[in-house]
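Here's entry_4.pdb, which has PDB, C-alpha atoms, pLDDT in the B column:
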ATOM      1  CA  MET N  87      49.297  53.399 -23.902  1.00 58.00           C
ATOM      2  CA  SER N  88      50.187  54.524 -20.399  1.00 75.00           C
ATOM      3  CA  ASP N  89      48.335  57.628 -19.241  1.00 87.00           C
ATOM      4  CA  THR N  90      51.083  58.441 -16.748  1.00 94.00           C
ATOM      5  CA  ILE N  91      53.683  58.631 -19.525  1.00 95.00           C
ATOM      6  CA  GLN N  92      51.379  60.699 -21.734  1.00 96.00           C
ATOM      7  CA  SER N  93      50.660  63.242 -19.008  1.00 96.00           C
ATOM      8  CA  SER N  94      54.313  63.429 -18.038  1.00 97.00           C
ATOM      9  CA  ILE N  95      55.251  64.136 -21.684  1.00 97.00           C
ATOM     10  CA  LYS N  96      52.567  66.829 -21.867  1.00 97.00           C
ATOM     11  CA  GLU N  97      53.898  68.446 -18.699  1.00 97.00           C
ATOM     12  CA  THR N  98      57.496  68.323 -19.960  1.00 98.00           C
ATOM     13  CA  ILE N  99      56.768  70.023 -23.287  1.00 98.00           C
ATOM     14  CA  GLU N 100      54.500  72.617 -21.710  1.00 97.00           C
ATOM     15  CA  THR N 101      56.919  73.643 -18.992  1.00 98.00           C
ATOM     16  CA  ASN N 102      59.996  73.826 -21.257  1.00 98.00           C
ATOM     17  CA  ASP N 103      60.047  76.139 -24.283  1.00 98.00           C
ATOM     18  CA  VAL N 104      62.158  73.876 -26.484  1.00 98.00           C
ATOM     19  CA  VAL N 105      62.354  70.111 -25.953  1.00 98.00           C
ATOM     20  CA  LEU N 106      64.063  67.509 -28.106  1.00 98.00           C
ATOM     21  CA  TYR N 107      63.213  63.832 -27.628  1.00 98.00           C
ATOM     22  CA  MET N 108      66.358  62.224 -28.933  1.00 98.00           C
ATOM     23  CA  LYS N 109      68.623  59.197 -28.862  1.00 96.00           C
ATOM     24  CA  GLY N 110      71.453  60.117 -26.512  1.00 97.00           C
ATOM     25  CA  THR N 111      71.992  63.475 -24.875  1.00 97.00           C
ATOM     26  CA  SER N 112      72.805  67.024 -25.943  1.00 97.00           C
ATOM     27  CA  SER N 113      76.498  66.458 -25.273  1.00 96.00           C
ATOM     28  CA  MET N 114      76.528  62.855 -26.499  1.00 96.00           C
ATOM     29  CA  PRO N 115      73.971  62.126 -29.202  1.00 96.00           C
ATOM     30  CA  GLN N 116      73.819  58.445 -30.177  1.00 95.00           C
ATOM     31  CA  CYS N 117      72.186  58.712 -33.574  1.00 92.00           C
ATOM     32  CA  GLY N 118      73.019  60.835 -36.616  1.00 92.00           C
ATOM     33  CA  PHE N 119      69.537  62.287 -36.944  1.00 93.00           C
ATOM     34  CA  SER N 120      69.352  63.282 -33.268  1.00 96.00           C
ATOM     35  CA  SER N 121      72.873  64.645 -33.523  1.00 96.00           C
ATOM     36  CA  ARG N 122      71.944  66.905 -36.426  1.00 95.00           C
ATOM     37  CA  ILE N 123      69.085  68.652 -34.603  1.00 97.00           C
ATOM     38  CA  ALA N 124      71.025  68.839 -31.332  1.00 97.00           C
ATOM     39  CA  GLY N 125      73.865  70.428 -33.310  1.00 96.00           C
ATOM     40  CA  VAL N 126      71.537  73.060 -34.773  1.00 97.00           C
ATOM     41  CA  LEU N 127      69.996  73.913 -31.389  1.00 97.00           C
ATOM     42  CA  ASN N 128      73.398  74.186 -29.721  1.00 97.00           C
ATOM     43  CA  PHE N 129      74.936  76.192 -32.574  1.00 97.00           C
ATOM     44  CA  LEU N 130      72.027  78.632 -32.416  1.00 97.00           C
ATOM     45  CA  ASN N 131      72.659  78.916 -28.669  1.00 97.00           C
ATOM     46  CA  ILE N 132      69.068  77.987 -27.823  1.00 98.00           C
ATOM     47  CA  THR N 133      68.170  76.937 -24.279  1.00 98.00           C
ATOM     48  CA  TRP N 134      66.621  73.514 -24.711  1.00 98.00           C
ATOM     49  CA  LEU N 135      65.886  70.332 -22.820  1.00 98.00           C
ATOM     50  CA  ASP N 136      67.187  66.984 -24.034  1.00 98.00           C
ATOM     51  CA  ILE N 137      65.179  63.872 -23.253  1.00 98.00           C
ATOM     52  CA  ASN N 138      67.100  60.668 -23.936  1.00 98.00           C
ATOM     53  CA  VAL N 139      64.576  58.079 -25.086  1.00 97.00           C
ATOM     54  CA  LEU N 140      67.202  55.339 -24.898  1.00 97.00           C
ATOM     55  CA  ALA N 141      67.127  55.732 -21.119  1.00 97.00           C
ATOM     56  CA  ASP N 142      63.433  54.825 -20.868  1.00 96.00           C
ATOM     57  CA  GLU N 143      61.653  52.387 -23.182  1.00 94.00           C
ATOM     58  CA  ASP N 144      58.231  53.681 -22.021  1.00 95.00           C
ATOM     59  CA  VAL N 145      59.119  57.221 -23.073  1.00 96.00           C
ATOM     60  CA  ARG N 146      60.601  55.945 -26.341  1.00 95.00           C
ATOM     61  CA  GLN N 147      57.259  54.389 -27.322  1.00 93.00           C
ATOM     62  CA  GLY N 148      55.207  57.007 -25.427  1.00 95.00           C
ATOM     63  CA  ILE N 149      56.481  59.946 -27.448  1.00 96.00           C
ATOM     64  CA  LYS N 150      55.642  58.173 -30.726  1.00 93.00           C
ATOM     65  CA  ASP N 151      52.099  57.555 -29.474  1.00 92.00           C
ATOM     66  CA  PHE N 152      51.846  61.130 -28.201  1.00 95.00           C
ATOM     67  CA  SER N 153      52.592  62.764 -31.550  1.00 94.00           C
ATOM     68  CA  ASP N 154      51.487  59.880 -33.765  1.00 91.00           C
ATOM     69  CA  TRP N 155      54.886  60.195 -35.422  1.00 93.00           C
ATOM     70  CA  PRO N 156      56.914  57.015 -35.932  1.00 91.00           C
ATOM     71  CA  THR N 157      60.473  58.277 -35.617  1.00 92.00           C
ATOM     72  CA  ILE N 158      62.858  59.965 -33.206  1.00 95.00           C
ATOM     73  CA  PRO N 159      64.156  62.723 -32.888  1.00 96.00           C
ATOM     74  CA  GLN N 160      61.082  64.854 -32.272  1.00 97.00           C
ATOM     75  CA  MET N 161      61.252  68.556 -31.490  1.00 98.00           C
ATOM     76  CA  TYR N 162      58.641  70.495 -29.511  1.00 98.00           C
ATOM     77  CA  VAL N 163      58.312  74.262 -29.127  1.00 98.00           C
ATOM     78  CA  LYS N 164      55.963  75.665 -26.471  1.00 97.00           C
ATOM     79  CA  GLY N 165      54.099  72.390 -26.245  1.00 96.00           C
ATOM     80  CA  GLU N 166      53.657  71.926 -29.992  1.00 95.00           C
ATOM     81  CA  PHE N 167      55.237  69.194 -32.122  1.00 97.00           C
ATOM     82  CA  VAL N 168      57.374  70.880 -34.789  1.00 96.00           C
ATOM     83  CA  GLY N 169      58.900  67.937 -36.625  1.00 96.00           C
ATOM     84  CA  GLY N 170      61.677  65.430 -36.984  1.00 95.00           C
ATOM     85  CA  CYS N 171      65.099  65.667 -38.528  1.00 94.00           C
ATOM     86  CA  ASP N 172      64.051  66.344 -42.148  1.00 94.00           C
ATOM     87  CA  ILE N 173      61.520  69.020 -41.249  1.00 95.00           C
ATOM     88  CA  ILE N 174      63.808  70.842 -38.814  1.00 96.00           C
ATOM     89  CA  THR N 175      66.668  70.772 -41.332  1.00 95.00           C
ATOM     90  CA  ASP N 176      64.374  72.151 -44.016  1.00 94.00           C
ATOM     91  CA  MET N 177      63.013  74.849 -41.665  1.00 95.00           C
ATOM     92  CA  MET N 178      66.537  75.781 -40.615  1.00 96.00           C
ATOM     93  CA  LEU N 179      67.648  76.328 -44.201  1.00 96.00           C
ATOM     94  CA  SER N 180      64.461  78.094 -45.328  1.00 95.00           C
ATOM     95  CA  GLY N 181      64.444  80.507 -42.371  1.00 96.00           C
ATOM     96  CA  GLU N 182      61.107  79.161 -41.125  1.00 95.00           C
ATOM     97  CA  LEU N 183      62.751  78.003 -37.899  1.00 97.00           C
ATOM     98  CA  ASP N 184      63.878  81.590 -37.191  1.00 97.00           C
ATOM     99  CA  LYS N 185      60.303  82.758 -37.659  1.00 97.00           C
ATOM    100  CA  LEU N 186      58.939  80.058 -35.370  1.00 97.00           C
ATOM    101  CA  LEU N 187      61.438  80.966 -32.634  1.00 97.00           C
ATOM    102  CA  GLU N 188      60.760  84.688 -33.025  1.00 97.00           C
ATOM    103  CA  THR N 189      56.979  84.191 -32.894  1.00 97.00           C
ATOM    104  CA  ASN N 190      57.391  82.231 -29.669  1.00 97.00           C
ATOM    105  CA  ASN N 191      59.851  84.722 -28.128  1.00 97.00           C
ATOM    106  CA  ILE N 192      62.624  82.168 -27.884  1.00 97.00           C
ATOM    107  CA  GLU N 193      66.111  83.640 -27.851  1.00 97.00           C
ATOM    108  CA  PHE N 194      68.575  82.395 -30.443  1.00 98.00           C
ATOM    109  CA  ASP N 195      71.679  83.552 -32.263  1.00 98.00           C
ATOM    110  CA  LYS N 196      70.413  84.957 -35.541  1.00 97.00           C
ATOM    111  CA  ASP N 197      73.977  85.426 -36.903  1.00 97.00           C
ATOM    112  CA  ALA N 198      74.694  81.740 -36.306  1.00 97.00           C
ATOM    113  CA  ALA N 199      71.510  80.815 -38.186  1.00 97.00           C
ATOM    114  CA  ASP N 200      72.594  82.999 -41.108  1.00 97.00           C
ATOM    115  CA  LYS N 201      76.024  81.348 -41.036  1.00 96.00           C
ATOM    116  CA  VAL N 202      74.444  77.874 -41.311  1.00 95.00           C
ATOM    117  CA  ARG N 203      72.449  79.017 -44.338  1.00 96.00           C
ATOM    118  CA  GLU N 204      75.487  80.653 -45.902  1.00 95.00           C
ATOM    119  CA  ALA N 205      77.516  77.465 -45.501  1.00 94.00           C
ATOM    120  CA  ASN N 206      74.726  75.373 -47.061  1.00 91.00           C
ATOM    121  CA  SER N 207      73.733  77.650 -49.915  1.00 86.00           C
TER     122      SER N 207
ATOM    123  CA  MET U   4      64.016  42.688 -39.817  1.00 56.00           C
ATOM    124  CA  ALA U   5      65.072  44.640 -42.887  1.00 74.00           C
ATOM    125  CA  ILE U   6      62.825  45.701 -45.696  1.00 82.00           C
ATOM    126  CA  GLU U   7      63.461  45.901 -49.445  1.00 86.00           C
ATOM    127  CA  ALA U   8      63.512  49.296 -51.128  1.00 89.00           C
ATOM    128  CA  THR U   9      61.009  48.008 -53.704  1.00 91.00           C
ATOM    129  CA  VAL U  10      58.570  47.040 -50.930  1.00 90.00           C
ATOM    130  CA  ILE U  11      58.659  50.583 -49.580  1.00 92.00           C
ATOM    131  CA  GLU U  12      58.318  51.989 -53.075  1.00 94.00           C
ATOM    132  CA  ASN U  13      55.276  49.817 -53.841  1.00 94.00           C
ATOM    133  CA  LEU U  14      53.516  50.696 -50.571  1.00 94.00           C
ATOM    134  CA  ILE U  15      53.987  54.393 -51.287  1.00 96.00           C
ATOM    135  CA  LYS U  16      52.825  54.022 -54.895  1.00 96.00           C
ATOM    136  CA  GLU U  17      49.698  52.205 -53.731  1.00 95.00           C
ATOM    137  CA  ALA U  18      48.736  55.208 -51.615  1.00 95.00           C
ATOM    138  CA  PHE U  19      49.913  57.800 -54.138  1.00 96.00           C
ATOM    139  CA  PRO U  20      49.139  56.415 -57.598  1.00 95.00           C
ATOM    140  CA  ASP U  21      50.253  59.628 -59.323  1.00 94.00           C
ATOM    141  CA  ALA U  22      53.548  59.876 -57.442  1.00 95.00           C
ATOM    142  CA  ASP U  23      57.126  59.744 -58.603  1.00 95.00           C
ATOM    143  CA  VAL U  24      58.866  57.714 -55.902  1.00 95.00           C
ATOM    144  CA  THR U  25      62.568  57.142 -55.374  1.00 94.00           C
ATOM    145  CA  VAL U  26      63.754  54.986 -52.486  1.00 94.00           C
ATOM    146  CA  ASP U  27      67.429  54.699 -51.585  1.00 91.00           C
ATOM    147  CA  GLY U  28      69.456  53.029 -48.867  1.00 85.00           C
ATOM    148  CA  ALA U  29      71.266  49.740 -48.774  1.00 73.00           C
ATOM    149  CA  ASP U  30      70.674  48.342 -45.287  1.00 78.00           C
ATOM    150  CA  GLY U  31      66.862  48.148 -45.399  1.00 75.00           C
ATOM    151  CA  VAL U  32      66.639  49.730 -41.955  1.00 80.00           C
ATOM    152  CA  HIS U  33      67.757  53.316 -42.532  1.00 83.00           C
ATOM    153  CA  MET U  34      66.334  54.365 -45.873  1.00 88.00           C
ATOM    154  CA  SER U  35      65.545  57.559 -47.718  1.00 92.00           C
ATOM    155  CA  ALA U  36      62.647  58.363 -50.004  1.00 94.00           C
ATOM    156  CA  VAL U  37      61.673  61.177 -52.312  1.00 95.00           C
ATOM    157  CA  VAL U  38      57.952  61.301 -53.030  1.00 96.00           C
ATOM    158  CA  CYS U  39      56.493  63.729 -55.511  1.00 96.00           C
ATOM    159  CA  SER U  40      52.687  63.797 -55.633  1.00 96.00           C
ATOM    160  CA  SER U  41      49.871  66.243 -56.328  1.00 94.00           C
ATOM    161  CA  GLN U  42      48.169  64.896 -53.171  1.00 94.00           C
ATOM    162  CA  PHE U  43      50.582  67.040 -51.137  1.00 95.00           C
ATOM    163  CA  LEU U  44      49.239  70.291 -52.567  1.00 94.00           C
ATOM    164  CA  GLY U  45      48.220  72.703 -49.835  1.00 93.00           C
ATOM    165  CA  LYS U  46      49.337  70.377 -47.017  1.00 93.00           C
ATOM    166  CA  SER U  47      51.880  71.290 -44.335  1.00 92.00           C
ATOM    167  CA  MET U  48      55.146  69.387 -44.327  1.00 92.00           C
ATOM    168  CA  ILE U  49      54.127  67.518 -41.167  1.00 93.00           C
ATOM    169  CA  ALA U  50      50.856  66.498 -42.858  1.00 94.00           C
ATOM    170  CA  GLN U  51      52.750  65.396 -45.992  1.00 95.00           C
ATOM    171  CA  HIS U  52      55.141  63.228 -43.994  1.00 95.00           C
ATOM    172  CA  ARG U  53      52.275  61.758 -41.960  1.00 93.00           C
ATOM    173  CA  MET U  54      50.572  60.728 -45.226  1.00 95.00           C
ATOM    174  CA  VAL U  55      53.669  58.816 -46.302  1.00 95.00           C
ATOM    175  CA  PHE U  56      54.113  57.193 -42.877  1.00 92.00           C
ATOM    176  CA  ALA U  57      50.453  56.107 -43.046  1.00 92.00           C
ATOM    177  CA  ALA U  58      51.097  54.523 -46.451  1.00 93.00           C
ATOM    178  CA  LEU U  59      53.835  52.380 -44.885  1.00 91.00           C
ATOM    179  CA  LYS U  60      51.147  50.682 -42.796  1.00 80.00           C
ATOM    180  CA  GLY U  61      52.971  50.060 -39.569  1.00 78.00           C
ATOM    181  CA  LYS U  62      56.317  49.102 -41.074  1.00 84.00           C
ATOM    182  CA  MET U  63      57.864  51.801 -38.880  1.00 82.00           C
ATOM    183  CA  ASP U  64      55.924  51.088 -35.694  1.00 71.00           C
ATOM    184  CA  GLY U  65      57.598  50.395 -32.422  1.00 61.00           C
ATOM    185  CA  PRO U  66      60.627  48.370 -31.469  1.00 61.00           C
ATOM    186  CA  ASN U  67      59.528  45.594 -33.860  1.00 63.00           C
ATOM    187  CA  GLY U  68      59.093  47.885 -36.863  1.00 71.00           C
ATOM    188  CA  GLU U  69      61.174  46.730 -39.794  1.00 78.00           C
ATOM    189  CA  LEU U  70      62.145  50.217 -40.824  1.00 83.00           C
ATOM    190  CA  HIS U  71      63.913  52.385 -38.245  1.00 80.00           C
ATOM    191  CA  ALA U  72      64.366  55.596 -40.168  1.00 83.00           C
ATOM    192  CA  LEU U  73      63.120  57.000 -43.425  1.00 89.00           C
ATOM    193  CA  ALA U  74      64.685  60.282 -44.467  1.00 90.00           C
ATOM    194  CA  LEU U  75      61.783  61.795 -46.301  1.00 92.00           C
ATOM    195  CA  THR U  76      61.494  64.482 -48.950  1.00 93.00           C
ATOM    196  CA  THR U  77      57.985  65.272 -50.142  1.00 95.00           C
ATOM    197  CA  LYS U  78      57.203  67.512 -53.076  1.00 93.00           C
ATOM    198  CA  THR U  79      54.123  68.616 -54.940  1.00 91.00           C
ATOM    199  CA  LYS U  80      54.251  68.239 -58.698  1.00 75.00           C
ATOM    200  CA  GLU U  81      54.901  71.942 -59.105  1.00 68.00           C
ATOM    201  CA  GLU U  82      58.039  71.992 -56.957  1.00 61.00           C
TER     202      GLU U  82
END
For the file at hand, write its structure as structure tokens.
Amino acid sequence: MSDTIQSSIKETIETNDVVLYMKGTSSMPQCGFSSRIAGVLNFLNITWLDINVLADEDVRQGIKDFSDWPTIPQMYVKGEFVGGCDIITDMMLSGELDKLLETNNIEFDKDAADKVREANS
Amino acid sequence: MAIEATVIENLIKEAFPDADVTVDGADGVHMSAVVCSSQFLGKSMIAQHRMVFAALKGKMDGPNGELHALALTTKTKEE
């Protein structure tokens, strides 16, 4: 495990409120699971940073080592690992994601979040 | 590189003897699993998923992992 990669990941997630390690980018996701979370974050109008793990094999493995989580995407809020696609989807629909964002003073479109839940109820 | 659904199911059942396990997915690389076990009681969702990943004993690790994605639903018996 490269210490340089680990400390660069730590710095990235601590200096950006919401970070998504994903396959592809915010505007062009290259995997369905990454696309789903990116879609949620964009629809909720959240300011977030996309890190494309396909662009750097060291980061792709490094982020899995960092969180001890075997899959990508991985979402971080204020330096903390929140979850992958299943967990974020579940939190979105249960309203837990709203609570997490509110607790961390992260701006998001609450009406849009309600709309997602309405459409999936 | 692919992995049989029954292999995944057996690995999970080994770690969670009381669990109801359903594994779906045809390609053996992108699979989904529903695991219902009393061992999840009182655990956070991240902890529950970690327990299942641990049961898969490295099948998902790194570029050489056989399994690329496992859409996971974990439930306690009460849910």
Selected residue, from U:Lys80, U:Leu44, U:Val24, U:His33, that lies nearest to chain N when counting only C-alpha atoms: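 Between U:Lys80, U:Leu44, U:Val24, U:His33, the residue approaching chain N most closely is U:His33.
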Interatomic distance (Å, one decimal) between atom CA of Thr98 of chain N and atom CA of Gly148 of chain N: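 Value for the atom CA of Thr98 of chain N-atom CA of Gly148 of chain N distance: 12.8 Å.
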Exercise answer, chain U residues close to chain N, 9 Å and all atoms listed in the file, as a PyMOL selection string: chain U and resi 48-49+53+56+61+63-66+71-76
Gap from atom CA of Val10 of chain U to atom CA of Ser121 of chain N - Å, one decimal: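 Atom-to-atom, atom CA of Val10 of chain U to atom CA of Ser121 of chain N, that is 28.6 Å.
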Atom-to-atom span, atom CA of Leu135 of chain N and atom CA of Glu100 of chain N, Å: 11.7 Å
Pick from N:Gly110, N:Gly181, N:Gly125, N:Gly165 nearest to Ile137 of chain N, counting all atoms listed in the file: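 Looking only at the distances to Ile137 of chain N, the closest residue turns out to be N:Gly110.
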Selected residue of minimal separation from Ser35 of chain U among U:Ala5, U:Leu70, U:Leu14, U:Lys60, counting only C-alpha atoms: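 Smallest distance to Ser35 of chain U is found for U:Leu70.
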Selection result for the PyMOL selection byres ((chain U and resi 79) around 8) on this file, as a list of chain:residue names: U:Cys39, U:Ser40, U:Ser41, U:Gln42, U:Phe43, U:Leu44, U:Thr77, U:Lys78, U:Lys80, U:Glu81, U:Glu82
Which residues, named as in the file, does the PyMOL selection byres ((chain U and resi 13) around 12) pick out? Answer as an mmCIF file with C-alpha atoms, in the frame of the given file.
data_model
loop_
_atom_site.group_PDB
_atom_site.id
_atom_site.type_symbol
_atom_site.label_atom_id
_atom_site.label_comp_id
_atom_site.auth_asym_id
_atom_site.auth_seq_id
_atom_site.Cartn_x
_atom_site.Cartn_y
_atom_site.Cartn_z
ATOM 1 C CA ILE U 6 62.825 45.701 -45.696
ATOM 2 C CA GLU U 7 63.461 45.901 -49.445
ATOM 3 C CA ALA U 8 63.512 49.296 -51.128
ATOM 4 C CA THR U 9 61.009 48.008 -53.704
ATOM 5 C CA VAL U 10 58.570 47.040 -50.930
ATOM 6 C CA ILE U 11 58.659 50.583 -49.580
ATOM 7 C CA GLU U 12 58.318 51.989 -53.075
ATOM 8 C CA LEU U 14 53.516 50.696 -50.571
ATOM 9 C CA ILE U 15 53.987 54.393 -51.287
ATOM 10 C CA LYS U 16 52.825 54.022 -54.895
ATOM 11 C CA GLU U 17 49.698 52.205 -53.731
ATOM 12 C CA ALA U 18 48.736 55.208 -51.615
ATOM 13 C CA PHE U 19 49.913 57.800 -54.138
ATOM 14 C CA PRO U 20 49.139 56.415 -57.598
ATOM 15 C CA ALA U 22 53.548 59.876 -57.442
ATOM 16 C CA ASP U 23 57.126 59.744 -58.603
ATOM 17 C CA VAL U 24 58.866 57.714 -55.902
ATOM 18 C CA THR U 25 62.568 57.142 -55.374
ATOM 19 C CA VAL U 26 63.754 54.986 -52.486
ATOM 20 C CA ALA U 36 62.647 58.363 -50.004
ATOM 21 C CA VAL U 38 57.952 61.301 -53.030
ATOM 22 C CA VAL U 55 53.669 58.816 -46.302
ATOM 23 C CA ALA U 58 51.097 54.523 -46.451
ATOM 24 C CA LEU U 59 53.835 52.380 -44.885
ATOM 25 C CA LYS U 60 51.147 50.682 -42.796
#
Pick from N:Leu106, N:Asp144, N:Ile123, N:Gly118, whichever lies nearest to Thr90 of chain N using only C-alpha atoms: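 Of N:Leu106, N:Asp144, N:Ile123, N:Gly118, the one nearest Thr90 of chain N is N:Asp144, counting only C-alpha atoms.
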Answer as a PyMOL selection string, residues within 9 Å of (69.8, 68.0, -28.6) using all atoms listed in the file: chain N and resi 105-115+120-128+134-137+159
Since the input lacks atoms, please generate N, CA and C atoms for segment 137-164 of chain N and provide them as a PDB file, in the frame of the given file.
ATOM      1  N   ILE N 137      65.750  65.057 -23.892  1.00 98.00           N
ATOM      2  CA  ILE N 137      65.179  63.872 -23.253  1.00 98.00           C
ATOM      3  C   ILE N 137      65.722  62.662 -24.011  1.00 98.00           C
ATOM      4  N   ASN N 138      66.482  61.840 -23.311  1.00 98.00           N
ATOM      5  CA  ASN N 138      67.100  60.668 -23.936  1.00 98.00           C
ATOM      6  C   ASN N 138      66.133  59.484 -23.905  1.00 98.00           C
ATOM      7  N   VAL N 139      65.571  59.164 -25.056  1.00 97.00           N
ATOM      8  CA  VAL N 139      64.576  58.079 -25.086  1.00 97.00           C
ATOM      9  C   VAL N 139      65.217  56.709 -24.889  1.00 97.00           C
ATOM     10  N   LEU N 140      66.527  56.630 -25.093  1.00 97.00           N
ATOM     11  CA  LEU N 140      67.202  55.339 -24.898  1.00 97.00           C
ATOM     12  C   LEU N 140      67.260  54.967 -23.414  1.00 97.00           C
ATOM     13  N   ALA N 141      67.064  55.986 -22.555  1.00 97.00           N
ATOM     14  CA  ALA N 141      67.127  55.732 -21.119  1.00 97.00           C
ATOM     15  C   ALA N 141      65.810  55.180 -20.589  1.00 97.00           C
ATOM     16  N   ASP N 142      64.742  55.255 -21.373  1.00 96.00           N
ATOM     17  CA  ASP N 142      63.433  54.825 -20.868  1.00 96.00           C
ATOM     18  C   ASP N 142      62.562  54.314 -22.022  1.00 96.00           C
ATOM     19  N   GLU N 143      62.406  53.021 -22.085  1.00 94.00           N
ATOM     20  CA  GLU N 143      61.653  52.387 -23.182  1.00 94.00           C
ATOM     21  C   GLU N 143      60.200  52.885 -23.227  1.00 94.00           C
ATOM     22  N   ASP N 144      59.611  53.198 -22.049  1.00 95.00           N
ATOM     23  CA  ASP N 144      58.231  53.681 -22.021  1.00 95.00           C
ATOM     24  C   ASP N 144      58.111  55.050 -22.676  1.00 95.00           C
ATOM     25  N   VAL N 145      59.123  55.896 -22.451  1.00 96.00           N
ATOM     26  CA  VAL N 145      59.119  57.221 -23.073  1.00 96.00           C
ATOM     27  C   VAL N 145      59.380  57.086 -24.570  1.00 96.00           C
ATOM     28  N   ARG N 146      60.266  56.162 -24.936  1.00 95.00           N
ATOM     29  CA  ARG N 146      60.601  55.945 -26.341  1.00 95.00           C
ATOM     30  C   ARG N 146      59.347  55.615 -27.159  1.00 95.00           C
ATOM     31  N   GLN N 147      58.505  54.713 -26.629  1.00 93.00           N
ATOM     32  CA  GLN N 147      57.259  54.389 -27.322  1.00 93.00           C
ATOM     33  C   GLN N 147      56.218  55.478 -27.065  1.00 93.00           C
ATOM     34  N   GLY N 148      56.216  56.017 -25.834  1.00 95.00           N
ATOM     35  CA  GLY N 148      55.207  57.007 -25.427  1.00 95.00           C
ATOM     36  C   GLY N 148      55.220  58.247 -26.290  1.00 95.00           C
ATOM     37  N   ILE N 149      56.404  58.702 -26.672  1.00 96.00           N
ATOM     38  CA  ILE N 149      56.481  59.946 -27.448  1.00 96.00           C
ATOM     39  C   ILE N 149      55.968  59.712 -28.872  1.00 96.00           C
ATOM     40  N   LYS N 150      56.164  58.488 -29.388  1.00 93.00           N
ATOM     41  CA  LYS N 150      55.642  58.173 -30.726  1.00 93.00           C
ATOM     42  C   LYS N 150      54.118  58.135 -30.707  1.00 93.00           C
ATOM     43  N   ASP N 151      53.554  57.586 -29.615  1.00 92.00           N
ATOM     44  CA  ASP N 151      52.099  57.555 -29.474  1.00 92.00           C
ATOM     45  C   ASP N 151      51.561  58.976 -29.306  1.00 92.00           C
ATOM     46  N   PHE N 152      52.290  59.770 -28.521  1.00 95.00           N
ATOM     47  CA  PHE N 152      51.846  61.130 -28.201  1.00 95.00           C
ATOM     48  C   PHE N 152      51.634  61.951 -29.464  1.00 95.00           C
ATOM     49  N   SER N 153      52.639  61.914 -30.358  1.00 94.00           N
ATOM     50  CA  SER N 153      52.592  62.764 -31.550  1.00 94.00           C
ATOM     51  C   SER N 153      52.048  62.032 -32.763  1.00 94.00           C
ATOM     52  N   ASP N 154      51.844  60.716 -32.626  1.00 91.00           N
ATOM     53  CA  ASP N 154      51.487  59.880 -33.765  1.00 91.00           C
ATOM     54  C   ASP N 154      52.510  60.074 -34.884  1.00 91.00           C
ATOM     55  N   TRP N 155      53.759  60.007 -34.495  1.00 93.00           N
ATOM     56  CA  TRP N 155      54.886  60.195 -35.422  1.00 93.00           C
ATOM     57  C   TRP N 155      55.844  59.048 -35.165  1.00 93.00           C
ATOM     58  N   PRO N 156      56.250  58.297 -36.197  1.00 91.00           N
ATOM     59  CA  PRO N 156      56.914  57.015 -35.932  1.00 91.00           C
ATOM     60  C   PRO N 156      58.403  57.074 -35.624  1.00 91.00           C
ATOM     61  N   THR N 157      59.013  58.253 -35.772  1.00 92.00           N
ATOM     62  CA  THR N 157      60.473  58.277 -35.617  1.00 92.00           C
ATOM     63  C   THR N 157      60.936  59.268 -34.555  1.00 92.00           C
ATOM     64  N   ILE N 158      62.181  59.088 -34.158  1.00 95.00           N
ATOM     65  CA  ILE N 158      62.858  59.965 -33.206  1.00 95.00           C
ATOM     66  C   ILE N 158      64.124  60.440 -33.920  1.00 95.00           C
ATOM     67  N   PRO N 159      64.541  61.669 -33.835  1.00 96.00           N
ATOM     68  CA  PRO N 159      64.156  62.723 -32.888  1.00 96.00           C
ATOM     69  C   PRO N 159      62.815  63.410 -33.197  1.00 96.00           C
ATOM     70  N   GLN N 160      62.281  64.033 -32.153  1.00 97.00           N
ATOM     71  CA  GLN N 160      61.082  64.854 -32.272  1.00 97.00           C
ATOM     72  C   GLN N 160      61.286  66.147 -31.486  1.00 97.00           C
ATOM     73  N   MET N 161      61.043  67.265 -32.148  1.00 98.00           N
ATOM     74  CA  MET N 161      61.252  68.556 -31.490  1.00 98.00           C
ATOM     75  C   MET N 161      59.911  69.220 -31.167  1.00 98.00           C
ATOM     76  N   TYR N 162      59.836  69.794 -29.974  1.00 98.00           N
ATOM     77  CA  TYR N 162      58.641  70.495 -29.511  1.00 98.00           C
ATOM     78  C   TYR N 162      58.988  71.924 -29.122  1.00 98.00           C
ATOM     79  N   VAL N 163      58.147  72.872 -29.540  1.00 98.00           N
ATOM     80  CA  VAL N 163      58.312  74.262 -29.127  1.00 98.00           C
ATOM     81  C   VAL N 163      57.014  74.725 -28.483  1.00 98.00           C
ATOM     82  N   LYS N 164      57.129  75.209 -27.232  1.00 97.00           N
ATOM     83  CA  LYS N 164      55.963  75.665 -26.471  1.00 97.00           C
ATOM     84  C   LYS N 164      54.806  74.665 -26.532  1.00 97.00           C
TER      85      LYS N 164
END
